[in-house]
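File shown here: query.tsv, holding TSV, C-alpha atoms and all ligand atoms.
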```
chain	number	residue	atom	x	y	z
Z	1	MET	CA	17.52	7.61	-1.24
Z	2	LYS	CA	14.89	8.04	-3.95
Z	3	SER	CA	11.24	7.82	-2.96
Z	4	ILE	CA	9.45	4.68	-4.14
Z	5	ILE	CA	5.87	4.35	-5.39
Z	6	LEU	CA	4.54	0.76	-5.19
Z	7	ILE	CA	1.84	-0.19	-7.68
Z	8	ALA	CA	0.16	-3.60	-7.56
Z	9	ALA	CA	-3.15	-5.41	-7.36
Z	10	PRO	CA	-4.87	-5.76	-3.96
Z	11	ALA	CA	-3.08	-8.26	-1.70
Z	12	ALA	CA	-0.12	-8.54	-4.10
Z	13	GLY	CA	2.31	-7.83	-1.26
Z	14	LYS	CA	2.86	-4.04	-1.33
Z	15	GLY	CA	2.74	-3.69	2.45
Z	16	THR	CA	5.01	-6.69	2.99
Z	17	LEU	CA	7.61	-5.42	0.49
Z	18	ALA	CA	7.40	-1.91	1.97
Z	19	THR	CA	8.26	-3.31	5.42
Z	20	PHE	CA	11.40	-4.99	4.04
Z	21	LEU	CA	12.41	-1.73	2.29
Z	22	LYS	CA	11.70	0.37	5.37
Z	23	ASN	CA	13.91	-1.88	7.50
Z	24	LYS	CA	16.82	-1.88	5.03
Z	25	TYR	CA	16.78	1.76	3.94
Z	26	ASN	CA	15.27	3.37	7.04
Z	27	MET	CA	12.60	5.16	5.00
Z	28	PRO	CA	9.06	5.79	6.22
Z	29	HIS	CA	6.39	3.47	4.82
Z	30	ILE	CA	3.26	5.45	3.95
Z	31	SER	CA	0.22	3.29	3.24
Z	32	THR	CA	-2.89	5.31	2.44
Z	33	GLY	CA	-4.89	2.16	3.26
Z	34	ASP	CA	-3.39	2.17	6.81
Z	35	LEU	CA	-3.93	5.96	7.16
Z	36	LEU	CA	-7.57	5.50	6.09
Z	37	ARG	CA	-8.19	2.44	8.29
Z	38	ASP	CA	-6.83	4.47	11.20
Z	39	ALA	CA	-9.21	7.36	10.33
Z	40	ALA	CA	-12.05	4.81	9.95
Z	41	SER	CA	-11.48	3.50	13.47
Z	42	LYS	CA	-12.68	6.86	14.88
Z	43	ASP	CA	-16.38	7.03	15.63
Z	44	ASP	CA	-17.02	10.40	13.95
Z	45	PHE	CA	-18.78	11.34	10.70
Z	46	ARG	CA	-15.66	11.15	8.55
Z	47	GLY	CA	-14.55	7.88	10.18
Z	48	ARG	CA	-17.91	6.22	9.55
Z	49	GLU	CA	-17.97	7.43	5.93
Z	50	ILE	CA	-14.46	6.09	5.24
Z	51	LYS	CA	-15.26	2.76	6.93
Z	52	GLU	CA	-18.35	2.28	4.74
Z	53	LEU	CA	-16.34	2.88	1.53
Z	54	ILE	CA	-13.40	0.65	2.48
Z	55	THR	CA	-15.64	-2.18	3.64
Z	56	ASN	CA	-17.29	-2.20	0.22
Z	57	GLY	CA	-14.01	-2.00	-1.67
Z	58	LYS	CA	-14.73	1.54	-2.97
Z	59	PHE	CA	-12.18	4.35	-3.23
Z	60	VAL	CA	-12.21	7.11	-0.65
Z	61	SER	CA	-12.47	10.59	-2.25
Z	62	ASP	CA	-9.33	12.10	-3.76
Z	63	GLU	CA	-9.84	15.15	-1.55
Z	64	VAL	CA	-9.64	13.17	1.73
Z	65	VAL	CA	-6.73	11.03	0.54
Z	66	LEU	CA	-4.70	13.98	-0.75
Z	67	GLU	CA	-5.17	15.89	2.50
Z	68	LEU	CA	-3.91	12.92	4.58
Z	69	LEU	CA	-1.04	12.27	2.17
Z	70	LYS	CA	0.20	15.86	1.99
Z	71	LEU	CA	0.19	16.20	5.77
Z	72	ARG	CA	2.18	12.98	6.06
Z	73	ILE	CA	4.91	13.76	3.50
Z	74	GLU	CA	5.45	17.25	4.91
Z	75	ASN	CA	6.71	15.53	8.04
Z	76	GLU	CA	10.44	15.85	8.77
Z	77	ASP	CA	11.00	12.06	8.57
Z	78	CYS	CA	10.07	12.19	4.85
Z	79	SER	CA	12.78	14.67	3.90
Z	80	ASN	CA	15.11	11.93	2.55
Z	81	GLY	CA	12.53	9.88	0.69
Z	82	TYR	CA	9.67	7.55	1.58
Z	83	ILE	CA	7.78	4.52	0.32
Z	84	LEU	CA	4.25	5.09	-1.01
Z	85	ASP	CA	1.95	2.06	-0.80
Z	86	GLY	CA	-1.55	2.47	-2.25
Z	87	PHE	CA	-1.07	6.02	-3.50
Z	88	PRO	CA	-1.50	7.38	-6.13
Z	89	ARG	CA	-4.42	5.13	-7.02
Z	90	ASN	CA	-5.77	6.85	-10.13
Z	91	VAL	CA	-4.50	9.30	-12.72
Z	92	SER	CA	-6.18	12.27	-11.06
Z	93	GLN	CA	-4.33	11.54	-7.77
Z	94	ALA	CA	-1.08	11.17	-9.75
Z	95	LYS	CA	-1.58	14.62	-11.33
Z	96	SER	CA	-2.37	16.19	-7.96
Z	97	TYR	CA	0.69	14.44	-6.51
Z	98	ASP	CA	2.87	15.98	-9.26
Z	99	GLU	CA	1.60	19.40	-8.14
Z	100	ILE	CA	2.26	18.65	-4.44
Z	101	LEU	CA	5.81	17.55	-5.25
Z	102	LYS	CA	6.41	20.78	-7.18
Z	103	GLU	CA	5.08	22.82	-4.26
Z	104	LEU	CA	7.23	20.94	-1.72
Z	105	ASN	CA	10.25	20.89	-4.04
Z	106	LYS	CA	10.56	17.10	-3.89
Z	107	ASN	CA	11.49	14.55	-6.59
Z	108	ILE	CA	9.13	11.80	-7.65
Z	109	GLY	CA	11.70	8.97	-7.39
Z	110	ILE	CA	10.85	5.61	-8.96
Z	111	VAL	CA	7.84	3.35	-9.45
Z	112	ILE	CA	7.99	-0.37	-8.68
Z	113	VAL	CA	5.21	-2.51	-10.18
Z	114	LEU	CA	4.61	-5.93	-8.60
Z	115	ASP	CA	3.38	-8.20	-11.39
Z	116	ILE	CA	1.14	-11.01	-10.17
Z	117	ASP	CA	-1.81	-13.15	-11.35
Z	118	LYS	CA	-5.17	-12.29	-9.83
Z	119	GLU	CA	-5.70	-15.78	-8.36
Z	120	ILE	CA	-2.32	-15.83	-6.60
Z	121	ALA	CA	-2.98	-12.40	-5.06
Z	122	LYS	CA	-6.53	-13.35	-4.12
Z	123	SER	CA	-5.35	-16.51	-2.36
Z	124	ARG	CA	-3.28	-14.31	-0.03
Z	125	ILE	CA	-6.29	-12.62	1.57
Z	126	SER	CA	-7.53	-15.78	3.25
Z	127	GLY	CA	-4.89	-15.99	5.98
Z	128	ARG	CA	-4.13	-12.29	6.36
Z	129	LEU	CA	-4.15	-10.73	9.82
Z	130	SER	CA	-2.87	-7.26	10.66
Z	131	CYS	CA	-2.03	-5.24	13.72
Z	132	PRO	CA	-4.38	-2.28	14.34
Z	133	LYS	CA	-1.56	-0.38	16.07
Z	134	CYS	CA	1.69	-0.85	14.06
Z	135	PHE	CA	-0.09	-2.23	10.91
Z	136	LYS	CA	2.33	-5.19	10.59
Z	137	VAL	CA	0.86	-7.82	8.27
Z	138	TYR	CA	0.89	-11.60	8.88
Z	139	ASN	CA	-0.41	-14.66	7.07
Z	140	THR	CA	-1.58	-17.69	8.98
Z	141	SER	CA	-1.57	-19.88	5.85
Z	142	ASN	CA	2.19	-19.50	5.52
Z	143	PRO	CA	4.46	-20.81	8.34
Z	144	SER	CA	7.10	-18.10	7.75
Z	145	MET	CA	4.49	-15.29	8.00
Z	146	LYS	CA	2.66	-16.38	11.15
Z	147	PRO	CA	2.87	-14.32	14.35
Z	148	ILE	CA	5.08	-15.85	17.07
Z	149	LYS	CA	2.11	-16.07	19.45
Z	150	ASP	CA	-1.19	-17.11	17.83
Z	151	GLY	CA	-3.39	-14.06	17.07
Z	152	LEU	CA	-1.03	-11.53	18.71
Z	153	CYS	CA	1.25	-8.90	17.11
Z	154	ASP	CA	4.97	-9.68	17.54
Z	155	ASN	CA	5.71	-5.97	18.06
Z	156	CYS	CA	2.73	-4.75	20.11
Z	157	ASN	CA	1.50	-7.96	21.78
Z	158	ILE	CA	-2.10	-6.93	21.01
Z	159	GLU	CA	-4.81	-8.83	19.19
Z	160	LEU	CA	-4.53	-9.00	15.40
Z	161	ASN	CA	-7.48	-8.09	13.15
Z	162	ARG	CA	-8.88	-9.56	10.00
Z	163	ARG	CA	-9.63	-6.76	7.50
Z	164	LEU	CA	-13.29	-6.05	6.74
Z	165	ASP	CA	-12.52	-5.97	2.99
Z	166	ASP	CA	-10.79	-9.38	2.98
Z	167	ASN	CA	-13.54	-11.56	1.53
Z	168	PRO	CA	-13.76	-12.99	-2.01
Z	169	GLU	CA	-16.64	-10.74	-3.19
Z	170	THR	CA	-15.05	-7.48	-2.03
Z	171	TYR	CA	-11.72	-8.68	-3.39
Z	172	ASP	CA	-13.23	-9.01	-6.89
Z	173	GLU	CA	-14.61	-5.45	-6.62
Z	174	ARG	CA	-11.22	-4.13	-5.47
Z	175	TYR	CA	-9.44	-6.01	-8.25
Z	176	ASN	CA	-11.76	-4.68	-10.98
Z	177	THR	CA	-11.29	-1.16	-9.66
Z	178	TYR	CA	-7.54	-1.73	-9.74
Z	179	LEU	CA	-7.68	-2.71	-13.44
Z	180	GLU	CA	-9.91	0.22	-14.35
Z	181	LYS	CA	-8.44	3.05	-12.26
Z	182	THR	CA	-4.98	2.11	-10.99
Z	183	GLU	CA	-3.35	0.10	-13.77
Z	184	PRO	CA	-3.46	3.10	-16.20
Z	185	LEU	CA	-0.97	4.75	-13.84
Z	186	ILE	CA	1.71	2.41	-15.13
Z	187	SER	CA	1.65	4.03	-18.59
Z	188	TYR	CA	1.34	7.49	-16.98
Z	189	TYR	CA	4.64	6.87	-15.15
Z	190	ASP	CA	6.21	4.92	-18.05
Z	191	LYS	CA	6.13	8.19	-20.02
Z	192	LYS	CA	8.34	9.69	-17.30
Z	193	GLY	CA	10.77	6.71	-17.68
Z	194	ILE	CA	10.67	5.76	-13.99
Z	195	VAL	CA	8.85	2.38	-14.00
Z	196	TYR	CA	10.48	-0.96	-12.98
Z	197	HIS	CA	8.64	-4.29	-12.96
Z	198	VAL	CA	9.29	-7.13	-10.51
Z	199	ASP	CA	7.73	-10.58	-10.17
Z	200	GLY	CA	5.39	-10.42	-7.16
Z	201	SER	CA	4.47	-14.11	-7.22
Z	202	LEU	CA	7.69	-15.25	-5.54
Z	203	THR	CA	8.49	-15.33	-1.81
Z	204	PRO	CA	8.69	-11.97	0.01
Z	205	GLU	CA	12.49	-12.31	0.24
Z	206	GLU	CA	12.83	-13.02	-3.51
Z	207	THR	CA	10.57	-10.09	-4.36
Z	208	PHE	CA	12.60	-7.82	-2.10
Z	209	ASP	CA	15.91	-8.99	-3.67
Z	210	GLN	CA	14.68	-7.93	-7.11
Z	211	VAL	CA	13.98	-4.42	-5.79
Z	212	VAL	CA	17.34	-4.18	-4.03
Z	213	LYS	CA	19.01	-4.95	-7.39
Z	214	ILE	CA	17.00	-2.18	-9.08
Z	215	LEU	CA	18.00	0.29	-6.37
Z	216	GLY	CA	21.60	-0.81	-6.90
Z	217	GLU	CA	22.55	-1.15	-3.24
Y	1	LIG	P1	-4.99	-0.83	0.73
Y	1	LIG	O1	-4.81	-1.05	2.17
Y	1	LIG	O2	-3.97	-0.10	-0.03
Y	1	LIG	O3	-5.33	-2.24	0.08
Y	1	LIG	P2	-4.94	-2.90	-1.30
Y	1	LIG	O4	-4.38	-2.07	-2.36
Y	1	LIG	O5	-6.18	-3.65	-1.64
Y	1	LIG	O6	-3.75	-3.80	-0.91
Y	1	LIG	P3	-3.65	-4.69	0.34
Y	1	LIG	O7	-3.25	-3.92	1.53
Y	1	LIG	O8	-4.89	-5.56	0.42
Y	1	LIG	O9	-2.49	-5.68	-0.11
Y	1	LIG	P4	-0.93	-5.47	-0.15
Y	1	LIG	O10	-0.53	-5.37	-1.59
Y	1	LIG	O11	-0.47	-4.43	0.79
Y	1	LIG	O12	-0.49	-6.92	0.36
Y	1	LIG	P5	0.09	-7.40	1.78
Y	1	LIG	O13	1.53	-7.07	1.89
Y	1	LIG	O14	-0.81	-7.08	2.89
Y	1	LIG	O15	-6.39	-0.06	0.49
Y	1	LIG	C1	-7.57	-0.53	1.12
Y	1	LIG	C2	-8.73	0.38	0.76
Y	1	LIG	O16	-8.46	1.72	1.22
Y	1	LIG	C3	-9.00	0.53	-0.75
Y	1	LIG	O17	-9.80	-0.51	-1.26
Y	1	LIG	C4	-9.72	1.89	-0.76
Y	1	LIG	O18	-11.03	1.73	-0.30
Y	1	LIG	C5	-8.95	2.68	0.29
Y	1	LIG	N1	-7.80	3.43	-0.28
Y	1	LIG	C6	-6.46	3.21	-0.01
Y	1	LIG	N2	-5.70	4.08	-0.67
Y	1	LIG	C7	-6.54	4.87	-1.39
Y	1	LIG	C8	-6.34	5.95	-2.29
Y	1	LIG	N3	-5.10	6.38	-2.62
Y	1	LIG	N4	-7.44	6.54	-2.83
Y	1	LIG	C9	-8.69	6.12	-2.53
Y	1	LIG	N5	-8.95	5.10	-1.68
Y	1	LIG	C10	-7.88	4.48	-1.12
Y	1	LIG	O19	0.04	-9.00	1.52
Y	1	LIG	C11	-1.20	-9.66	1.47
Y	1	LIG	C12	-1.08	-10.98	2.26
Y	1	LIG	O20	-0.19	-11.84	1.57
Y	1	LIG	C13	-0.52	-10.83	3.67
Y	1	LIG	O21	-1.14	-11.76	4.52
Y	1	LIG	C14	0.97	-11.19	3.51
Y	1	LIG	O22	1.49	-11.77	4.69
Y	1	LIG	C15	0.95	-12.17	2.35
Y	1	LIG	N6	2.08	-12.03	1.44
Y	1	LIG	C16	2.72	-10.87	1.09
Y	1	LIG	N7	3.70	-11.13	0.23
Y	1	LIG	C17	3.67	-12.47	0.00
Y	1	LIG	C18	4.45	-13.34	-0.82
Y	1	LIG	N8	5.46	-12.87	-1.57
Y	1	LIG	N9	4.14	-14.66	-0.82
Y	1	LIG	C19	3.12	-15.15	-0.06
Y	1	LIG	N10	2.35	-14.37	0.74
Y	1	LIG	C20	2.63	-13.05	0.77
Y	2	MG	MG	-1.47	-3.17	2.16
```

Just give me the structure as structure tokens.
Ligand code: AP5
Ligand code: MG
Amino acid sequence: MKSIILIAAPAAGKGTLATFLKNKYNMPHISTGDLLRDAASKDDFRGREIKELITNGKFVSDEVVLELLKLRIENEDCSNGYILDGFPRNVSQAKSYDEILKELNKNIGIVIVLDIDKEIAKSRISGRLSCPKCFKVYNTSNPSMKPIKDGLCDNCNIELNRRLDDNPETYDERYNTYLEKTEPLISYYDKKGIVYHVDGSLTPEETFDQVVKILGE
């Protein structure tokens, strides 16, 4: 299976789509946001620094992100492809990623862009809860996305968290950064002929079906 890079605005549904893909194709889901939130949960200098940046909707340095990413994709479970969610996030990360792929003798795969209006994506932050252990994402505003037991992860049975960056002000900051730094990646990858667009404003199942059609399986 080809690796998949997911590009979309904050809260567009990258993590949710990646979970569907992971379950169908048995590919690891690599979210740099989850890797960084995990690093931020440690009470050391690096953890505190990362937490401060994420809470304010700022990017973590390319250096830190690339180190975490490279370590993760070198893992044996990534040898047959993986799903990247939240990486690359700017053109400089994309160029470094090209170099890493060359070094590891891996193919880039394809890029899926989830197209969605800002207001629809923003509305999805209000009910979001996530598991600090397995990172599964829920939404209490949507009956089909609620946890089985109120406030508890279906998989881990532990308390779900609300993300520190899920408030309207930080969302606007994250969204503006997306337009300025991340959206230019679409034309970067378009030049390689590997970009596919899907409508991200539909239900998770409908969004997933569009991707399955693109993958042709
Ligand atoms: P990251 O965790 O990647 O956040 P993001 O890009 O802002 O995206 P989200 O995780 O908020 O949304 P999502 O698209 O995954 O949506 P989800 O599926 O949860 O990054 C966080 C921070 O980490 C960044 O701001 C930055 O500071 C740092 N960072 C990360 N990567 C970095 C990098 N490479 N370089 C530098 N810094 C980096 O869905 C959202 C909600 O909607 C959920 O509640 C879900 O249940 C619901 N939902 C999903 N799909 C649907 C649907 N189709 N219909 C209705 N509801 C839906
Ligand atoms: Mg996510």

task = Tell me, as a PyMOL selection string, which residues lie within 9 Å of stretch 91-105 of chain Z, counting all atoms listed in the file; anything in the same chain fewer than 4 positions away does not count.
result = chain Z and resi 62+65-66+70+74+87+181-182+184-185+188-189

key: Expected answer as JSON, numbers by chain: residues within 6 Å of ligand LIG 1 (chain Y), all atoms listed in the file   = {"Z": [10, 11, 12, 13, 14, 15, 16, 32, 33, 34, 53, 54, 57, 58, 59, 60, 61, 62, 65, 86, 87, 88, 89, 124, 125, 127, 128, 137, 138, 139, 145, 174, 201, 202, 203, 204]}

query = How many Å lie between atom CA of Z:Thr19 and atom CA of Z:Phe208, rounded to one decimal?
reply = 9.8 Å

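Take the candidates Z:Ser31, Z:Asn56, Z:Asn167, Z:Ser41 and check each one against Z:Leu68 using only C-alpha atoms; the shortest distance goes to Z:Ser31.
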
key: Interatomic distance, atom CA of Z:Tyr171 to atom CA of Z:Leu17 (Å, one decimal)   = 20.0 Å

request  = May I ask which of the residues Z:Val64, Z:Leu84, Z:Met1, Z:Leu21 is the closest one to Z:Ala40, counting all atoms listed in the file?
outcome  =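 Closest residue, counting all atoms listed in the file: Z:Val64.
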
remark   = The residue from Z:Leu152, Z:Ala39, Z:Ala121, Z:Cys78 with the smallest atom-to-atom distance to ligand MG 2 (chain Y), counting all atoms listed in the file, is Z:Ala121

request  = For atom CA of Z:Asp115 and atom CA of Z:Ile7, quote the distance in Å rounded to one decimal.
outcome  = 9.0 Å

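If you measure from each of Z:Arg163, Z:Lys191, Z:Lys118, Z:Lys133 to ligand MG 2 (chain Y) using all atoms listed in the file, the closest one turns out to be Z:Arg163.
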
message = Under the rule that all atoms listed in the file are counted, which of Z:Lys136, Z:Lys192, Z:Lys122, Z:Lys213 is the nearest residue to ligand MG 2 (chain Y)?
response =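 The answer is Z:Lys136, which sits nearest to ligand MG 2 (chain Y).
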
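Closest approach to Z:Ile108 from the set Z:Cys156, Z:Ile120, Z:Ile83, Z:Ile214 is made by Z:Ile83, with distances taken over only C-alpha atoms.
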
Do you know which residues are at most 6 Å from Z:Leu114 counting only C-alpha atoms, after dropping those on the same chain fewer than 6 positions away, and could you put them as a PDB file with C-alpha atoms, in the coordinates of the input?
```
ATOM      1  CA  ALA Z   8       0.160  -3.600  -7.560  1.00  0.00           C
ATOM      2  CA  VAL Z 198       9.290  -7.130 -10.510  1.00  0.00           C
ATOM      3  CA  ASP Z 199       7.730 -10.580 -10.170  1.00  0.00           C
ATOM      4  CA  GLY Z 200       5.390 -10.420  -7.160  1.00  0.00           C
TER       5      GLY Z 200
END
```

Would you give the centre and edge lengths, in Å to one decimal, of a box along x, y and z around the listed atoms of stretch 90-105 of chain Z, with 5 Å added to each side, as lines of an AutoDock Vina configuration file?
```
center_x = 2.0
center_y = 14.8
center_z = -7.2
size_x = 26.4
size_y = 26.0
size_z = 21.0
```

request  = Tell me which protein, DNA and RNA residues are within 8 Å of stretch 209-211 of chain Z, counting all atoms listed in the file, leaving out same-chain ones fewer than 4 positions away, and put them as a ChimeraX atom specification.
outcome  = /Z:112,198,205,215

Dump C-alpha atoms for the selected residues as a PDB file, in the coordinates of the input?
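Produced file result-v4.pdb, reproduced below:
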```pdb
ATOM      1  CA  ILE Z 112       7.990  -0.370  -8.680  1.00  0.00           C
ATOM      2  CA  VAL Z 198       9.290  -7.130 -10.510  1.00  0.00           C
ATOM      3  CA  GLU Z 205      12.490 -12.310   0.240  1.00  0.00           C
ATOM      4  CA  LEU Z 215      18.000   0.290  -6.370  1.00  0.00           C
TER       5      LEU Z 215
END
```
